[in-house]
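protein.cif follows; it contains mmCIF, C-alpha atoms; chains and numbers go by the auth columns.
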```cif
data_target
loop_
_atom_site.group_PDB
_atom_site.id
_atom_site.type_symbol
_atom_site.label_atom_id
_atom_site.label_comp_id
_atom_site.label_asym_id
_atom_site.label_seq_id
_atom_site.Cartn_x
_atom_site.Cartn_y
_atom_site.Cartn_z
_atom_site.B_iso_or_equiv
_atom_site.auth_seq_id
_atom_site.auth_asym_id
ATOM 1 C CA MET A 1 105.318 -81.086 13.083 0.00 1290 A
ATOM 2 C CA ARG A 2 101.720 -80.775 11.891 0.00 1291 A
ATOM 3 C CA PHE A 3 98.971 -80.244 14.443 0.00 1292 A
ATOM 4 C CA THR A 4 95.267 -81.047 14.285 0.00 1293 A
ATOM 5 C CA ASN A 5 92.340 -79.536 16.181 0.00 1294 A
ATOM 6 C CA HIS A 6 91.929 -80.969 19.694 0.00 1295 A
ATOM 7 C CA ASP A 7 95.625 -81.852 19.616 0.00 1296 A
ATOM 8 C CA ASP A 8 96.875 -82.802 23.081 0.00 1297 A
ATOM 9 C CA ARG A 9 100.491 -82.351 21.986 0.00 1298 A
ATOM 10 C CA ILE A 10 99.908 -78.590 22.188 0.00 1299 A
ATOM 11 C CA ARG A 11 100.556 -76.868 25.512 0.00 1300 A
ATOM 12 C CA TYR A 12 97.186 -75.952 27.051 0.00 1301 A
ATOM 13 C CA TYR A 13 96.127 -72.377 27.766 0.00 1302 A
ATOM 14 C CA PRO A 14 92.536 -71.121 28.187 0.00 1303 A
ATOM 15 C CA LEU A 15 91.582 -68.469 25.637 0.00 1304 A
ATOM 16 C CA LEU A 16 88.696 -66.010 25.633 0.00 1305 A
ATOM 17 C CA LEU A 17 87.603 -63.906 22.654 0.00 1306 A
ATOM 18 C CA GLU A 18 84.963 -61.213 22.211 0.00 1307 A
ATOM 19 C CA ARG A 19 83.325 -59.028 19.607 0.00 1308 A
ATOM 20 C CA SER A 20 80.537 -56.509 19.188 0.00 1309 A
ATOM 21 C CA LEU A 21 77.225 -57.708 17.782 0.00 1310 A
ATOM 22 C CA LYS A 22 77.136 -54.830 15.311 0.00 1311 A
ATOM 23 C CA ALA A 23 77.903 -55.216 11.602 0.00 1312 A
ATOM 24 C CA LEU A 24 77.459 -58.967 11.707 0.00 1313 A
ATOM 25 C CA PRO A 25 78.386 -61.130 8.734 0.00 1314 A
ATOM 26 C CA SER A 26 75.796 -63.086 6.788 0.00 1315 A
ATOM 27 C CA ILE A 27 77.283 -66.309 5.441 0.00 1316 A
ATOM 28 C CA PRO A 28 75.027 -68.790 3.626 0.00 1317 A
ATOM 29 C CA LEU A 29 75.193 -72.493 4.296 0.00 1318 A
ATOM 30 C CA PRO A 30 76.456 -74.722 1.494 0.00 1319 A
ATOM 31 C CA GLU A 31 73.737 -76.248 -0.653 0.00 1320 A
ATOM 32 C CA GLY A 32 72.060 -79.241 0.943 0.00 1321 A
ATOM 33 C CA TYR A 33 71.936 -77.955 4.524 0.00 1322 A
ATOM 34 C CA ARG A 34 69.508 -75.904 6.618 0.00 1323 A
ATOM 35 C CA PHE A 35 69.260 -74.391 10.090 0.00 1324 A
ATOM 36 C CA VAL A 36 66.794 -75.781 12.629 0.00 1325 A
ATOM 37 C CA PHE A 37 66.211 -74.966 16.288 0.00 1326 A
ATOM 38 C CA TYR A 38 66.368 -77.317 19.256 0.00 1327 A
ATOM 39 C CA ARG A 39 63.232 -79.261 20.017 0.00 1328 A
ATOM 40 C CA PRO A 40 62.519 -81.477 23.039 0.00 1329 A
ATOM 41 C CA GLY A 41 64.213 -84.799 22.466 0.00 1330 A
ATOM 42 C CA ASP A 42 67.352 -83.345 20.847 0.00 1331 A
ATOM 43 C CA ARG A 43 69.520 -83.679 23.952 0.00 1332 A
ATOM 44 C CA ASP A 44 71.152 -86.962 22.947 0.00 1333 A
ATOM 45 C CA THR A 45 71.729 -85.706 19.401 0.00 1334 A
ATOM 46 C CA TRP A 46 73.525 -82.678 20.864 0.00 1335 A
ATOM 47 C CA ILE A 47 75.681 -84.978 22.984 0.00 1336 A
ATOM 48 C CA ASP A 48 76.455 -87.182 19.985 0.00 1337 A
ATOM 49 C CA ILE A 49 77.601 -84.218 17.876 0.00 1338 A
ATOM 50 C CA GLU A 50 79.776 -82.875 20.706 0.00 1339 A
ATOM 51 C CA ARG A 51 81.329 -86.313 21.222 0.00 1340 A
ATOM 52 C CA SER A 52 82.003 -86.732 17.518 0.00 1341 A
ATOM 53 C CA ALA A 53 83.764 -83.338 17.511 0.00 1342 A
ATOM 54 C CA LYS A 54 85.810 -84.385 20.583 0.00 1343 A
ATOM 55 C CA GLU A 55 84.267 -81.661 22.732 0.00 1344 A
ATOM 56 C CA LEU A 56 83.086 -84.454 25.040 0.00 1345 A
ATOM 57 C CA SER A 57 84.732 -87.780 25.765 0.00 1346 A
ATOM 58 C CA SER A 58 81.689 -89.830 26.797 0.00 1347 A
ATOM 59 C CA TYR A 59 77.898 -89.881 26.919 0.00 1348 A
ATOM 60 C CA GLU A 60 78.052 -89.567 30.699 0.00 1349 A
ATOM 61 C CA GLU A 61 80.165 -86.427 30.416 0.00 1350 A
ATOM 62 C CA GLY A 62 77.595 -85.096 27.954 0.00 1351 A
ATOM 63 C CA ILE A 63 74.724 -85.695 30.379 0.00 1352 A
ATOM 64 C CA ASP A 64 76.665 -83.884 33.088 0.00 1353 A
ATOM 65 C CA ALA A 65 77.400 -80.928 30.787 0.00 1354 A
ATOM 66 C CA TRP A 66 73.811 -80.740 29.603 0.00 1355 A
ATOM 67 C CA TYR A 67 72.340 -80.513 33.085 0.00 1356 A
ATOM 68 C CA ARG A 68 75.080 -78.223 34.328 0.00 1357 A
ATOM 69 C CA TYR A 69 74.365 -75.625 31.653 0.00 1358 A
ATOM 70 C CA TYR A 70 70.847 -76.291 30.405 0.00 1359 A
ATOM 71 C CA GLY A 71 69.065 -78.270 33.099 0.00 1360 A
ATOM 72 C CA GLY A 72 65.743 -76.606 33.911 0.00 1361 A
ATOM 73 C CA LYS A 73 66.332 -74.031 31.149 0.00 1362 A
ATOM 74 C CA GLU A 74 65.437 -76.141 28.105 0.00 1363 A
ATOM 75 C CA SER A 75 62.617 -73.760 27.152 0.00 1364 A
ATOM 76 C CA MET A 76 65.266 -71.100 26.460 0.00 1365 A
ATOM 77 C CA LEU A 77 66.885 -73.403 23.913 0.00 1366 A
ATOM 78 C CA LEU A 78 63.830 -73.367 21.643 0.00 1367 A
ATOM 79 C CA ASP A 79 65.066 -70.163 20.018 0.00 1368 A
ATOM 80 C CA ARG A 80 68.727 -70.188 21.073 0.00 1369 A
ATOM 81 C CA MET A 81 70.187 -73.627 20.319 0.00 1370 A
ATOM 82 C CA VAL A 82 70.765 -74.123 16.587 0.00 1371 A
ATOM 83 C CA PHE A 83 71.541 -77.228 14.573 0.00 1372 A
ATOM 84 C CA VAL A 84 72.735 -77.571 11.016 0.00 1373 A
ATOM 85 C CA GLU A 85 70.696 -80.325 9.420 0.00 1374 A
ATOM 86 C CA THR A 86 71.036 -82.170 6.118 0.00 1375 A
ATOM 87 C CA LEU A 87 68.025 -82.301 3.806 0.00 1376 A
ATOM 88 C CA ASP A 88 67.619 -85.907 4.982 0.00 1377 A
ATOM 89 C CA GLY A 89 67.148 -84.665 8.540 0.00 1378 A
ATOM 90 C CA GLU A 90 70.511 -85.602 10.033 0.00 1379 A
ATOM 91 C CA LYS A 91 71.771 -83.018 12.525 0.00 1380 A
ATOM 92 C CA VAL A 92 75.486 -82.518 11.898 0.00 1381 A
ATOM 93 C CA ALA A 93 76.522 -79.331 13.728 0.00 1382 A
ATOM 94 C CA THR A 94 75.360 -77.182 16.614 0.00 1383 A
ATOM 95 C CA ALA A 95 75.957 -73.936 18.486 0.00 1384 A
ATOM 96 C CA THR A 96 73.970 -71.989 21.052 0.00 1385 A
ATOM 97 C CA ALA A 97 73.296 -68.277 21.508 0.00 1386 A
ATOM 98 C CA TYR A 98 73.542 -68.505 25.268 0.00 1387 A
ATOM 99 C CA LEU A 99 74.344 -66.390 28.313 0.00 1388 A
ATOM 100 C CA ASP A 100 77.621 -65.807 30.131 0.00 1389 A
ATOM 101 C CA PRO A 101 77.672 -68.443 32.905 0.00 1390 A
ATOM 102 C CA ALA A 102 78.964 -65.754 35.279 0.00 1391 A
ATOM 103 C CA ASP A 103 76.386 -63.122 34.264 0.00 1392 A
ATOM 104 C CA GLN A 104 73.116 -64.612 33.053 0.00 1393 A
ATOM 105 C CA GLY A 105 70.886 -61.786 34.224 0.00 1394 A
ATOM 106 C CA ASP A 106 67.186 -62.704 34.292 0.00 1395 A
ATOM 107 C CA PRO A 107 66.003 -63.130 30.682 0.00 1396 A
ATOM 108 C CA TYR A 108 62.468 -63.905 31.818 0.00 1397 A
ATOM 109 C CA ARG A 109 62.294 -60.312 33.138 0.00 1398 A
ATOM 110 C CA GLY A 110 64.051 -58.792 30.165 0.00 1399 A
ATOM 111 C CA GLN A 111 67.374 -58.496 31.999 0.00 1400 A
ATOM 112 C CA LEU A 112 70.043 -59.829 29.675 0.00 1401 A
ATOM 113 C CA GLY A 113 73.468 -60.952 30.734 0.00 1402 A
ATOM 114 C CA GLU A 114 76.368 -60.950 28.326 0.00 1403 A
ATOM 115 C CA GLY A 115 76.059 -63.026 25.167 0.00 1404 A
ATOM 116 C CA TRP A 116 78.041 -66.264 25.125 0.00 1405 A
ATOM 117 C CA LEU A 117 78.695 -68.346 22.009 0.00 1406 A
ATOM 118 C CA HIS A 118 78.302 -71.807 23.480 0.00 1407 A
ATOM 119 C CA TRP A 119 79.348 -75.363 22.556 0.00 1408 A
ATOM 120 C CA VAL A 120 80.137 -74.914 18.867 0.00 1409 A
ATOM 121 C CA ALA A 121 80.695 -78.312 17.254 0.00 1410 A
ATOM 122 C CA VAL A 122 80.607 -79.998 13.852 0.00 1411 A
ATOM 123 C CA ARG A 123 80.244 -83.750 13.517 0.00 1412 A
ATOM 124 C CA LYS A 124 83.582 -85.296 12.485 0.00 1413 A
ATOM 125 C CA GLY A 125 82.445 -86.514 9.063 0.00 1414 A
ATOM 126 C CA TYR A 126 81.193 -83.026 8.164 0.00 1415 A
ATOM 127 C CA GLN A 127 84.195 -80.992 9.235 0.00 1416 A
ATOM 128 C CA GLY A 128 85.883 -79.094 6.420 0.00 1417 A
ATOM 129 C CA LYS A 129 82.607 -78.694 4.484 0.00 1418 A
ATOM 130 C CA GLY A 130 82.186 -74.993 5.236 0.00 1419 A
ATOM 131 C CA LEU A 131 79.569 -75.295 7.985 0.00 1420 A
ATOM 132 C CA SER A 132 81.286 -73.573 10.930 0.00 1421 A
ATOM 133 C CA LYS A 133 81.334 -69.969 9.746 0.00 1422 A
ATOM 134 C CA PRO A 134 77.707 -69.911 8.500 0.00 1423 A
ATOM 135 C CA LEU A 135 76.590 -71.534 11.763 0.00 1424 A
ATOM 136 C CA ILE A 136 78.453 -69.068 13.960 0.00 1425 A
ATOM 137 C CA ALA A 137 77.299 -66.082 11.894 0.00 1426 A
ATOM 138 C CA TYR A 138 73.689 -67.261 12.162 0.00 1427 A
ATOM 139 C CA VAL A 139 73.917 -67.763 15.918 0.00 1428 A
ATOM 140 C CA LEU A 140 75.423 -64.284 16.361 0.00 1429 A
ATOM 141 C CA GLN A 141 72.434 -62.830 14.503 0.00 1430 A
ATOM 142 C CA ILE A 142 70.098 -64.724 16.819 0.00 1431 A
ATOM 143 C CA MET A 143 71.968 -63.324 19.789 0.00 1432 A
ATOM 144 C CA ALA A 144 71.610 -59.783 18.467 0.00 1433 A
ATOM 145 C CA GLY A 145 67.912 -60.436 17.865 0.00 1434 A
ATOM 146 C CA HIS A 146 67.533 -61.262 21.551 0.00 1435 A
ATOM 147 C CA GLY A 147 68.952 -57.847 22.430 0.00 1436 A
ATOM 148 C CA HIS A 148 72.558 -58.731 23.230 0.00 1437 A
ATOM 149 C CA THR A 149 75.124 -56.164 22.104 0.00 1438 A
ATOM 150 C CA HIS A 150 78.336 -58.033 22.894 0.00 1439 A
ATOM 151 C CA VAL A 151 79.444 -61.661 22.849 0.00 1440 A
ATOM 152 C CA LYS A 152 82.287 -63.752 24.213 0.00 1441 A
ATOM 153 C CA VAL A 153 83.448 -67.236 23.284 0.00 1442 A
ATOM 154 C CA PRO A 154 85.802 -69.471 25.297 0.00 1443 A
ATOM 155 C CA THR A 155 88.266 -71.828 23.640 0.00 1444 A
ATOM 156 C CA GLN A 156 91.816 -73.073 24.218 0.00 1445 A
ATOM 157 C CA THR A 157 95.120 -73.530 22.457 0.00 1446 A
ATOM 158 C CA THR A 158 94.425 -77.217 21.772 0.00 1447 A
ATOM 159 C CA THR A 159 91.471 -76.144 19.580 0.00 1448 A
ATOM 160 C CA TRP A 160 93.520 -73.606 17.633 0.00 1449 A
ATOM 161 C CA VAL A 161 91.640 -74.344 14.379 0.00 1450 A
ATOM 162 C CA ALA A 162 88.418 -73.130 15.992 0.00 1451 A
ATOM 163 C CA CYS A 163 90.294 -70.113 17.340 0.00 1452 A
ATOM 164 C CA LYS A 164 91.327 -69.184 13.793 0.00 1453 A
ATOM 165 C CA ILE A 165 87.691 -69.311 12.700 0.00 1454 A
ATOM 166 C CA TYR A 166 86.709 -66.921 15.489 0.00 1455 A
ATOM 167 C CA LEU A 167 89.501 -64.549 14.540 0.00 1456 A
ATOM 168 C CA ASP A 168 88.358 -64.693 10.906 0.00 1457 A
ATOM 169 C CA LEU A 169 84.903 -63.646 12.125 0.00 1458 A
ATOM 170 C CA ARG A 170 86.367 -60.573 13.862 0.00 1459 A
ATOM 171 C CA PHE A 171 86.499 -61.931 17.385 0.00 1460 A
ATOM 172 C CA ARG A 172 89.518 -60.608 19.256 0.00 1461 A
ATOM 173 C CA PRO A 173 91.267 -61.658 22.488 0.00 1462 A
ATOM 174 C CA VAL A 174 89.676 -60.262 25.649 0.00 1463 A
ATOM 175 C CA PRO A 175 92.354 -57.870 27.026 0.00 1464 A
ATOM 176 C CA GLN A 176 92.618 -59.587 30.411 0.00 1465 A
ATOM 177 C CA ASN A 177 92.983 -62.971 28.729 0.00 1466 A
ATOM 178 C CA ALA A 178 95.518 -61.595 26.230 0.00 1467 A
ATOM 179 C CA ASP A 179 97.627 -60.778 29.289 0.00 1468 A
ATOM 180 C CA SER A 180 96.983 -63.853 31.454 0.00 1469 A
ATOM 181 C CA SER A 181 97.296 -66.282 28.517 0.00 1470 A
ATOM 182 C CA LYS A 182 99.865 -64.345 26.528 0.00 1471 A
ATOM 183 C CA ASP A 183 101.899 -67.469 25.814 0.00 1472 A
ATOM 184 C CA GLY A 184 98.744 -69.190 24.626 0.00 1473 A
ATOM 185 C CA TRP A 185 98.097 -66.456 22.100 0.00 1474 A
ATOM 186 C CA ARG A 186 101.717 -66.701 21.004 0.00 1475 A
ATOM 187 C CA ILE A 187 101.050 -70.379 20.269 0.00 1476 A
ATOM 188 C CA VAL A 188 97.968 -69.492 18.214 0.00 1477 A
ATOM 189 C CA LYS A 189 100.016 -66.881 16.363 0.00 1478 A
ATOM 190 C CA ALA A 190 102.657 -69.489 15.525 0.00 1479 A
ATOM 191 C CA LEU A 191 100.082 -72.039 14.340 0.00 1480 A
ATOM 192 C CA THR A 192 97.863 -69.685 12.330 0.00 1481 A
ATOM 193 C CA GLY A 193 99.960 -66.649 11.434 0.00 1482 A
ATOM 194 C CA HIS A 194 96.723 -64.682 11.831 0.00 1483 A
ATOM 195 C CA LYS A 195 97.119 -60.972 11.124 0.00 1484 A
ATOM 196 C CA ALA A 196 94.767 -60.127 14.004 0.00 1485 A
ATOM 197 C CA LEU A 197 97.500 -61.322 16.386 0.00 1486 A
ATOM 198 C CA ALA A 198 100.170 -58.945 15.110 0.00 1487 A
ATOM 199 C CA ALA A 199 100.890 -57.786 18.681 0.00 1488 A
ATOM 200 C CA PHE A 200 102.087 -61.278 19.676 0.00 1489 A
ATOM 201 C CA THR A 201 105.435 -62.823 18.808 0.00 1490 A
ATOM 202 C CA PRO A 202 105.074 -66.413 17.552 0.00 1491 A
ATOM 203 C CA ALA A 203 105.895 -69.173 20.030 0.00 1492 A
ATOM 204 C CA THR A 204 108.855 -71.414 19.296 0.00 1493 A
ATOM 205 C CA ALA A 205 108.359 -75.093 18.510 0.00 1494 A
ATOM 206 C CA LYS A 206 109.529 -75.982 22.025 0.00 1495 A
ATOM 207 C CA GLU A 207 107.046 -73.536 23.579 0.00 1496 A
ATOM 208 C CA ILE A 208 104.156 -75.030 21.587 0.00 1497 A
ATOM 209 C CA LEU A 209 104.650 -78.597 22.776 0.00 1498 A
ATOM 210 C CA ALA A 210 103.109 -79.786 26.025 0.00 1499 A
ATOM 211 C CA GLU A 211 105.484 -81.135 28.663 0.00 1500 A
ATOM 212 C CA GLY A 212 106.528 -84.691 27.905 0.00 1501 A
ATOM 213 C CA THR A 213 105.778 -84.314 24.172 0.00 1502 A
ATOM 214 C CA GLU A 214 108.515 -84.802 21.621 0.00 1503 A
#
```

So, in terms of C-alpha cells, how does the structure I just supplied come out?
Amino acid sequence: MRFTNHDDRIRYYPLLLERSLKALPSIPLPEGYRFVFYRPGDRDTWIDIERSAKELSSYEEGIDAWYRYYGGKESMLLDRMVFVETLDGEKVATATAYLDPADQGDPYRGQLGEGWLHWVAVRKGYQGKGLSKPLIAYVLQIMAGHGHTHVKVPTQTTTWVACKIYLDLRFRPVPQNADSSKDGWRIVKALTGHKALAAFTPATAKEILAEGTE
C-alpha cells in the first residue's frame, strides 16, 4: 500500500522534533521564487495556503487558528512569518519562526521562549518543487537571528512526508516524545527508512493502518 502526506489511513500519533540552531543549513530557493515577510492583509492568503496543503479543513477553522495563535500579536509576524512568492507575486508557501505556545517568554522585554517552527505549508500545486527545505532553512536562520538557540516542531504520523523533511534537516525526536509516541516513530521508520531512526524497529503493515482501515 502506498501512502500520501495527510493520509488518514495511517494510525495517528503526535510527534515532536527538535534541533539546535547552530550550524544551520543554507539552501537556495529554486529559480523563479523569493522570500517575503508577512504584511497586514496577508491573513486570508495564509489561510488559503494552509487549506490547500490540508493543514486546515475550512476558512472558519483558519480564522480560529489565526486568532488563537496570532491574534493581537500580528506585529510580531512582520519579521517572523515568511512566505515563498513567485516572481508574479503569488504566495505559494509559508512558515513562521514563532514561540513555543507553552513558553513564549516576553519578547517585548527581550525574554525569549523556546523557538517553534510553526505552520509550515506549501500550496498543493507547488508541492514537490523543492520549496520546503529552503523555506524551513530560511526560517531557522530568522529564528537564530532573533536570539533563539533551540527549536522544536510538532507534526504527526499522518504527515510523515513532512517528518522526513525535518529529519533530513537534522531535527531529531524529542526524547520524551520518542518514548510516549514510540509506535508513531516506528511507523515513520517503516514509511521512510530514515537512518536517523535507527533506534526504532519498523512498524508492521498492520500497525501502520488506523483502526477500521483495510

Sel. within 10 Å of pt (92.2, -74.9, 17.4), counting all atoms listed in the file, output as a list in words
Phe1292, Thr1293, Asn1294, His1295, Asp1296, Ile1299, Thr1444, Gln1445, Thr1446, Thr1447, Thr1448, Trp1449, Val1450, Ala1451, Cys1452, Lys1453, Ile1454, Tyr1455, Val1477, Leu1480 and Thr1481 of chain A

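Nearest residue to Lys1471 of chain A among A:Gly1361, A:Gly1351, A:Gly1321, A:Pro1303 is A:Pro1303, counting all atoms listed in the file.
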
How many Å lie between atom CA of Ala1386 of chain A and atom CA of Gly1434 of chain A, rounded to one decimal?
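Result for atom CA of Ala1386 of chain A versus atom CA of Gly1434 of chain A: 10.2 Å, one decimal.
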
Identify all residues satisfying the PyMOL selection byres ((chain A and resi 1421) around 10) in the given file; provide them as a ChimeraX atom specification.
/A:1316,1318,1373,1382-1384,1409-1411,1415-1420,1422-1427,1451,1454-1455

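Interatomic distance, atom CA of Ala1485 of chain A against atom CA of Asp1297 of chain A: 24.5 Å.
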
What is the atom CA of Asp1337 of chain A-atom CA of Gly1360 of chain A distance in Å, reported with one decimal?
17.5 Å
